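Peer 1: What follows is the file input_29.pdb, containing PDB, C-alpha atoms:
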```pdb
ATOM      1  CA  LYS O   1      81.915 -55.011 -73.087
ATOM      2  CA  VAL O   2      81.031 -56.557 -69.740
ATOM      3  CA  ARG O   3      84.107 -57.761 -67.820
ATOM      4  CA  THR O   4      83.835 -60.280 -65.003
ATOM      5  CA  ASP O   5      87.551 -60.435 -64.164
ATOM      6  CA  THR O   6      88.007 -58.851 -60.719
ATOM      7  CA  THR O   7      91.487 -57.584 -61.630
ATOM      8  CA  SER O   8      90.273 -55.729 -64.730
ATOM      9  CA  PRO O   9      91.005 -51.984 -64.443
ATOM     10  CA  ALA O  10      88.163 -49.460 -64.165
ATOM     11  CA  GLY O  11      88.221 -45.750 -64.946
ATOM     12  CA  PHE O  12      86.168 -42.564 -65.025
ATOM     13  CA  MET O  13      82.415 -43.116 -65.732
ATOM     14  CA  ASP O  14      82.768 -46.923 -65.616
ATOM     15  CA  VAL O  15      79.859 -48.856 -64.087
ATOM     16  CA  ILE O  16      80.628 -51.522 -61.474
ATOM     17  CA  GLU O  17      77.917 -54.071 -60.728
ATOM     18  CA  ILE O  18      77.846 -56.581 -57.879
ATOM     19  CA  GLU O  19      75.294 -59.226 -58.876
ATOM     20  CA  LYS O  20      75.067 -61.082 -55.538
ATOM     21  CA  THR O  21      73.900 -57.979 -53.684
ATOM     22  CA  ASP O  22      72.255 -56.301 -56.741
ATOM     23  CA  GLU O  23      74.292 -53.117 -56.199
ATOM     24  CA  HIS O  24      75.429 -50.728 -58.921
ATOM     25  CA  PHE O  25      78.168 -48.092 -58.739
ATOM     26  CA  ARG O  26      79.710 -45.513 -61.062
ATOM     27  CA  LEU O  27      83.312 -44.276 -60.795
ATOM     28  CA  VAL O  28      83.397 -40.465 -60.740
ATOM     29  CA  TYR O  29      85.571 -37.806 -59.096
ATOM     30  CA  ASP O  30      84.757 -36.012 -55.855
ATOM     31  CA  VAL O  31      85.524 -32.276 -55.477
ATOM     32  CA  LYS O  32      88.978 -33.051 -54.100
ATOM     33  CA  GLY O  33      89.930 -34.914 -57.292
ATOM     34  CA  ARG O  34      89.755 -38.445 -55.865
ATOM     35  CA  PHE O  35      87.939 -41.354 -57.459
ATOM     36  CA  VAL O  36      84.721 -42.059 -55.583
ATOM     37  CA  VAL O  37      82.518 -45.138 -55.988
ATOM     38  CA  HIS O  38      79.058 -43.550 -56.307
ATOM     39  CA  ARG O  39      75.978 -45.757 -55.747
ATOM     40  CA  ILE O  40      73.451 -45.616 -58.616
ATOM     41  CA  GLY O  41      70.159 -47.288 -59.542
ATOM     42  CA  LYS O  42      69.643 -50.198 -61.931
ATOM     43  CA  GLU O  43      68.286 -47.956 -64.693
ATOM     44  CA  GLU O  44      71.275 -45.591 -64.561
ATOM     45  CA  ALA O  45      73.662 -48.573 -64.545
ATOM     46  CA  SER O  46      72.535 -49.531 -68.073
ATOM     47  CA  TYR O  47      74.515 -46.705 -69.705
ATOM     48  CA  LYS O  48      77.716 -44.699 -69.379
ATOM     49  CA  LEU O  49      78.975 -41.412 -70.736
ATOM     50  CA  CYS O  50      81.956 -41.403 -73.089
ATOM     51  CA  GLN O  51      83.840 -38.370 -74.376
ATOM     52  CA  VAL O  52      84.756 -38.347 -78.080
ATOM     53  CA  LYS O  53      88.545 -38.066 -78.405
ATOM     54  CA  ARG O  54      88.962 -38.672 -82.166
ATOM     55  CA  MET O  55      86.736 -38.696 -85.223
ATOM     56  CA  GLU O  56      88.088 -40.159 -88.445
ATOM     57  CA  PHE O  57      87.221 -42.082 -91.583
ATOM     58  CA  GLY O  58      88.285 -45.714 -91.870
ATOM     59  CA  LYS O  59      88.594 -48.154 -94.730
ATOM     60  CA  GLY O  60      86.004 -47.514 -97.432
ATOM     61  CA  GLY O  61      85.178 -44.074 -96.033
ATOM     62  CA  VAL O  62      83.459 -45.468 -92.919
ATOM     63  CA  PRO O  63      83.212 -42.735 -90.244
ATOM     64  CA  TYR O  64      84.128 -43.757 -86.709
ATOM     65  CA  ILE O  65      84.780 -42.174 -83.337
ATOM     66  CA  VAL O  66      87.175 -43.144 -80.554
ATOM     67  CA  THR O  67      86.064 -42.443 -76.973
ATOM     68  CA  HIS O  68      88.027 -41.628 -73.810
ATOM     69  CA  ASP O  69      87.886 -45.268 -72.673
ATOM     70  CA  GLY O  70      89.320 -46.628 -75.940
ATOM     71  CA  ARG O  71      86.083 -47.742 -77.630
ATOM     72  CA  THR O  72      85.764 -47.429 -81.397
ATOM     73  CA  LEU O  73      82.207 -46.855 -82.634
ATOM     74  CA  ARG O  74      81.375 -46.959 -86.337
ATOM     75  CA  TYR O  75      78.735 -44.830 -88.062
ATOM     76  CA  PRO O  76      78.086 -42.261 -85.305
ATOM     77  CA  ASP O  77      75.556 -39.444 -85.665
ATOM     78  CA  PRO O  78      77.041 -36.907 -88.149
ATOM     79  CA  ASP O  79      76.524 -34.095 -85.600
ATOM     80  CA  VAL O  80      78.888 -35.734 -83.063
ATOM     81  CA  LYS O  81      82.259 -33.960 -82.991
ATOM     82  CA  VAL O  82      85.489 -34.215 -80.948
ATOM     83  CA  GLY O  83      84.907 -33.046 -77.362
ATOM     84  CA  ASP O  84      81.211 -33.992 -77.339
ATOM     85  CA  THR O  85      79.903 -36.659 -74.965
ATOM     86  CA  ILE O  86      77.866 -39.676 -76.045
ATOM     87  CA  MET O  87      75.506 -41.735 -73.896
ATOM     88  CA  LEU O  88      76.478 -45.342 -74.597
ATOM     89  CA  ASP O  89      74.204 -48.315 -73.904
ATOM     90  CA  ILE O  90      76.505 -50.819 -72.167
ATOM     91  CA  GLU O  91      74.629 -53.957 -73.288
ATOM     92  CA  THR O  92      74.433 -53.129 -77.016
ATOM     93  CA  SER O  93      77.397 -50.690 -77.321
ATOM     94  CA  LYS O  94      75.130 -48.334 -79.283
ATOM     95  CA  ILE O  95      74.875 -44.560 -78.944
ATOM     96  CA  LYS O  96      71.593 -43.617 -77.193
ATOM     97  CA  ASP O  97      72.103 -39.844 -77.089
ATOM     98  CA  PHE O  98      74.831 -37.207 -77.273
ATOM     99  CA  VAL O  99      75.575 -33.802 -75.763
ATOM    100  CA  LYS O 100      77.503 -31.054 -77.559
ATOM    101  CA  PHE O 101      80.520 -29.301 -76.013
ATOM    102  CA  ASP O 102      78.708 -25.942 -75.959
ATOM    103  CA  ILE O 103      78.169 -22.929 -73.735
ATOM    104  CA  GLY O 104      75.421 -23.568 -71.166
ATOM    105  CA  ASN O 105      76.027 -27.325 -70.773
ATOM    106  CA  LEU O 106      76.991 -28.991 -67.488
ATOM    107  CA  VAL O 107      80.574 -30.291 -67.269
ATOM    108  CA  MET O 108      82.875 -32.112 -64.857
ATOM    109  CA  ILE O 109      86.601 -31.372 -64.743
ATOM    110  CA  THR O 110      88.658 -34.565 -65.116
ATOM    111  CA  ALA O 111      92.233 -33.283 -64.676
ATOM    112  CA  GLY O 112      94.203 -30.430 -63.202
ATOM    113  CA  HIS O 113      93.722 -28.328 -60.071
ATOM    114  CA  ASN O 114      89.910 -28.235 -60.428
ATOM    115  CA  ASN O 115      89.559 -32.023 -60.860
ATOM    116  CA  GLY O 116      86.086 -33.202 -59.779
ATOM    117  CA  ARG O 117      84.391 -29.804 -59.864
ATOM    118  CA  VAL O 118      81.076 -29.505 -61.710
ATOM    119  CA  GLY O 119      79.921 -26.345 -63.439
ATOM    120  CA  THR O 120      78.210 -24.793 -66.430
ATOM    121  CA  ILE O 121      80.278 -23.524 -69.362
ATOM    122  CA  ILE O 122      79.952 -19.740 -69.569
ATOM    123  CA  HIS O 123      82.747 -18.902 -72.027
ATOM    124  CA  LYS O 124      85.292 -20.570 -74.330
ATOM    125  CA  GLU O 125      88.537 -18.953 -75.499
ATOM    126  CA  LYS O 126      90.526 -20.100 -78.534
ATOM    127  CA  HIS O 127      94.300 -19.593 -78.474
ATOM    128  CA  LYS O 128      96.185 -20.411 -81.666
ATOM    129  CA  GLY O 129      99.205 -22.591 -80.958
ATOM    130  CA  ASP O 130      98.297 -22.899 -77.285
ATOM    131  CA  PHE O 131      95.659 -24.545 -75.101
ATOM    132  CA  ASP O 132      92.034 -23.465 -75.510
ATOM    133  CA  ILE O 133      90.574 -22.192 -72.229
ATOM    134  CA  VAL O 134      87.073 -22.850 -70.842
ATOM    135  CA  HIS O 135      85.390 -20.703 -68.160
ATOM    136  CA  MET O 136      82.829 -22.394 -65.873
ATOM    137  CA  GLU O 137      80.519 -21.411 -63.029
ATOM    138  CA  ASP O 138      79.366 -23.895 -60.377
ATOM    139  CA  ALA O 139      75.988 -24.081 -58.619
ATOM    140  CA  ALA O 140      77.234 -21.827 -55.787
ATOM    141  CA  GLY O 141      78.247 -19.084 -58.239
ATOM    142  CA  ASN O 142      82.009 -19.687 -58.013
ATOM    143  CA  LYS O 143      83.842 -19.183 -61.305
ATOM    144  CA  PHE O 144      86.833 -21.300 -62.371
ATOM    145  CA  VAL O 145      88.912 -21.856 -65.504
ATOM    146  CA  THR O 146      90.723 -24.817 -67.086
ATOM    147  CA  ARG O 147      92.024 -26.162 -70.392
ATOM    148  CA  ASN O 148      89.373 -27.625 -72.670
ATOM    149  CA  VAL O 149      91.087 -31.054 -72.688
ATOM    150  CA  ASN O 150      90.250 -31.319 -68.964
ATOM    151  CA  VAL O 151      86.513 -30.759 -69.510
ATOM    152  CA  PHE O 152      84.005 -33.658 -69.726
ATOM    153  CA  VAL O 153      80.389 -32.751 -70.624
ATOM    154  CA  ILE O 154      77.942 -34.555 -68.292
ATOM    155  CA  GLY O 155      74.616 -32.840 -68.986
ATOM    156  CA  LYS O 156      72.382 -30.742 -71.192
ATOM    157  CA  GLY O 157      71.798 -27.305 -69.718
ATOM    158  CA  ASN O 158      71.776 -27.647 -65.918
ATOM    159  CA  LYS O 159      70.374 -31.218 -65.989
ATOM    160  CA  ALA O 160      73.043 -33.907 -65.428
ATOM    161  CA  LEU O 161      72.704 -37.203 -67.343
ATOM    162  CA  VAL O 162      74.306 -39.074 -64.434
ATOM    163  CA  SER O 163      73.790 -38.665 -60.683
ATOM    164  CA  LEU O 164      76.569 -36.838 -58.853
ATOM    165  CA  PRO O 165      78.217 -37.714 -55.512
ATOM    166  CA  LYS O 166      77.530 -35.678 -52.364
ATOM    167  CA  GLY O 167      78.367 -32.016 -52.704
ATOM    168  CA  LYS O 168      77.216 -32.060 -56.350
ATOM    169  CA  GLY O 169      80.670 -30.978 -57.531
ATOM    170  CA  VAL O 170      80.752 -27.692 -55.575
ATOM    171  CA  ARG O 171      84.123 -27.179 -53.879
ATOM    172  CA  LEU O 172      83.953 -25.485 -50.486
ATOM    173  CA  SER O 173      86.663 -23.187 -49.151
ATOM    174  CA  ILE O 174      88.679 -24.295 -46.120
ATOM    175  CA  LEU O 175      86.609 -22.039 -43.846
ATOM    176  CA  GLN O 176      83.322 -23.341 -45.272
ATOM    177  CA  GLU O 177      84.455 -26.944 -44.726
ATOM    178  CA  GLN O 178      85.501 -26.129 -41.161
ATOM    179  CA  ALA O 179      82.138 -24.472 -40.390
ATOM    180  CA  LYS O 180      80.299 -27.478 -41.860
ATOM    181  CA  ARG O 181      82.313 -29.889 -39.673
ATOM    182  CA  TYR O 182      81.688 -27.818 -36.537
ATOM    183  CA  ALA O 183      77.954 -27.665 -37.262
ATOM    184  CA  ALA O 184      77.810 -31.450 -37.628
ATOM    185  CA  ALA O 185      79.678 -32.070 -34.350
TER
END
```
Mind turning the file's structure into C-alpha cells?
Peer 2:
Amino acid sequence: KVRTDTTSPAGFMDVIEIEKTDEHFRLVYDVKGRFVVHRIGKEEASYKLCQVKRMEFGKGGVPYIVTHDGRTLRYPDPDVKVGDTIMLDIETSKIKDFVKFDIGNLVMITAGHNNGRVGTIIHKEKHKGDFDIVHMEDAAGNKFVTRNVNVFVIGKGNKALVSLPKGKGVRLSILQEQAKRYAAA
C-alpha cells in the first residue's frame, strides 16, 4: 500500500519515492548494521522483497502467508515456505517471484553482530530445542555464522534481486578500513 503521510514509519526493504525530484530509494543495512537510504532506479522501485514469517490456513481452508512487514497475502505459490523471500509488486500487491531459503542463495543478515553483512549460505545446522544456525561466506571469502531468524534471502545463487549499497555487504577489518582511508587521503 502506497503511503503519502510523511510521518509514516519505514523499515527494512521499504521503497521511498520522492515524486518532485523523481528519486527512488530503498532502506537496507550497511555493513556496520545501520539503516542506509540506498538510491535505486525506477524499475527496481516497483517491487520489494518480503520474508515469509508465517504460513497458515484461514477460514474455509484458504492458505495465506504473513511477511516481515506485516502483509497478509492469500493464495501464495504452494512451494513458498516460512523463511523464503517473495518479490512483491508494490502497485498490485501480488507475488512476482520467490526465492527459497536454501544453500547457495545470497542472504543479508538483519539482526545481531553481523547485521548488514551479505553472503552465500554454505551450511545450515538444525538444533532441536535451540536456535538453528546458518553458516555464510561473503564475496571476500570471510566466513561468519548467525541464527537462521536473522537471515533474509536477497538473491538466487550469487545474483542479488536488489542492488546493494557501497561495499556490497563485505565487512572490512579495522586495519583494512584504515588502509583504505589512508589510500584515499
Peer 1: Going by the chain IDs and residue numbers used in this file, which residues fall under the PyMOL selection byres ((chain O and resi 30) around 9)? Write them as a list of chain:residue names.
Peer 2: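 That expression, the PyMOL selection byres ((chain O and resi 30) around 9), corresponds here to O:Val28, O:Tyr29, O:Val31, O:Lys32, O:Gly33, O:Arg34, O:Phe35, O:Val36, O:Asn115, O:Gly116, O:Arg117, O:Leu164, O:Pro165, O:Lys166, O:Gly167, O:Lys168, O:Gly169.
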Peer 1: Between atom CA of O:Pro63 and atom CA of O:Tyr75, what is the spacing in Å?
Peer 2: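 Value for the atom CA of O:Tyr75-atom CA of O:Pro63 distance: 5.4 Å.
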Peer 1: Just checking: using all atoms listed in the file, which residue out of O:Val149, O:Leu175, O:Val15, O:Val162 ends up closest to O:Ile90?
Peer 2: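 For O:Ile90, the nearest of the given residues is O:Val15.
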Peer 1: Rounded to one decimal place, report the atom CA of O:Leu172-atom CA of O:Phe101 distance in Å.
Peer 2: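 A separation of 26.0 Å between them.
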Peer 1: Just so the selection is clear, what residues does the PyMOL selection byres ((chain O and resi 125) around 12) cover here, as a VMD selection string?
Peer 2: chain O and resid 103 121 to 124 126 to 128 130 to 136 145 to 148
Peer 1: Env of O:His68: 10 Å cut, atoms = only C-alpha atoms, seq-sep filter 4 positions within chain, self excluded. Answer as JSON, numbers by chain.
Peer 2: {"O": [11, 12, 13, 49, 50, 51, 52, 53, 54, 72, 83, 85, 152]}
Peer 1: Please produce a file of the residues just selected, as a compact mmCIF listing (two decimals), in the coordinates of the input, where the atoms kept are C-alpha atoms.
Peer 2:
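Listing of again_0.txt after writing:
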```
# COMPACT_ATOMS: atom_id res chain seq x y z
CA GLY O 11 88.22 -45.75 -64.95
CA PHE O 12 86.17 -42.56 -65.03
CA MET O 13 82.42 -43.12 -65.73
CA LEU O 49 78.97 -41.41 -70.74
CA CYS O 50 81.96 -41.40 -73.09
CA GLN O 51 83.84 -38.37 -74.38
CA VAL O 52 84.76 -38.35 -78.08
CA LYS O 53 88.54 -38.07 -78.40
CA ARG O 54 88.96 -38.67 -82.17
CA THR O 72 85.76 -47.43 -81.40
CA GLY O 83 84.91 -33.05 -77.36
CA THR O 85 79.90 -36.66 -74.96
CA PHE O 152 84.00 -33.66 -69.73
```
Peer 1: What is the atom CA of O:Met87 to atom CA of O:Lys48 distance in Å?
Peer 2: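 Rounded to one decimal, the two atoms are 5.8 Å apart.
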Peer 1: Select, from O:Leu161, O:Ala45, O:Ile40, O:Val151, the residue with the minimum atom-to-atom distance to O:Asp102, counting only C-alpha atoms.
Peer 2: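 Closest to O:Asp102, using only C-alpha atoms: O:Val151.
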Peer 1: Pick the closest to O:Phe57 from O:Pro9, O:Gly155, O:Gly129, O:Pro78: which is it, counting all atoms listed in the file?
Peer 2: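 Answer, going by the shortest atom-to-atom distance: O:Pro78.
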Peer 1: I need the output of the PyMOL selection byres ((chain O and resi 88) around 9) for this file as a ChimeraX atom specification; which residues are they?
Peer 2: /O:46-50,86-87,89-98
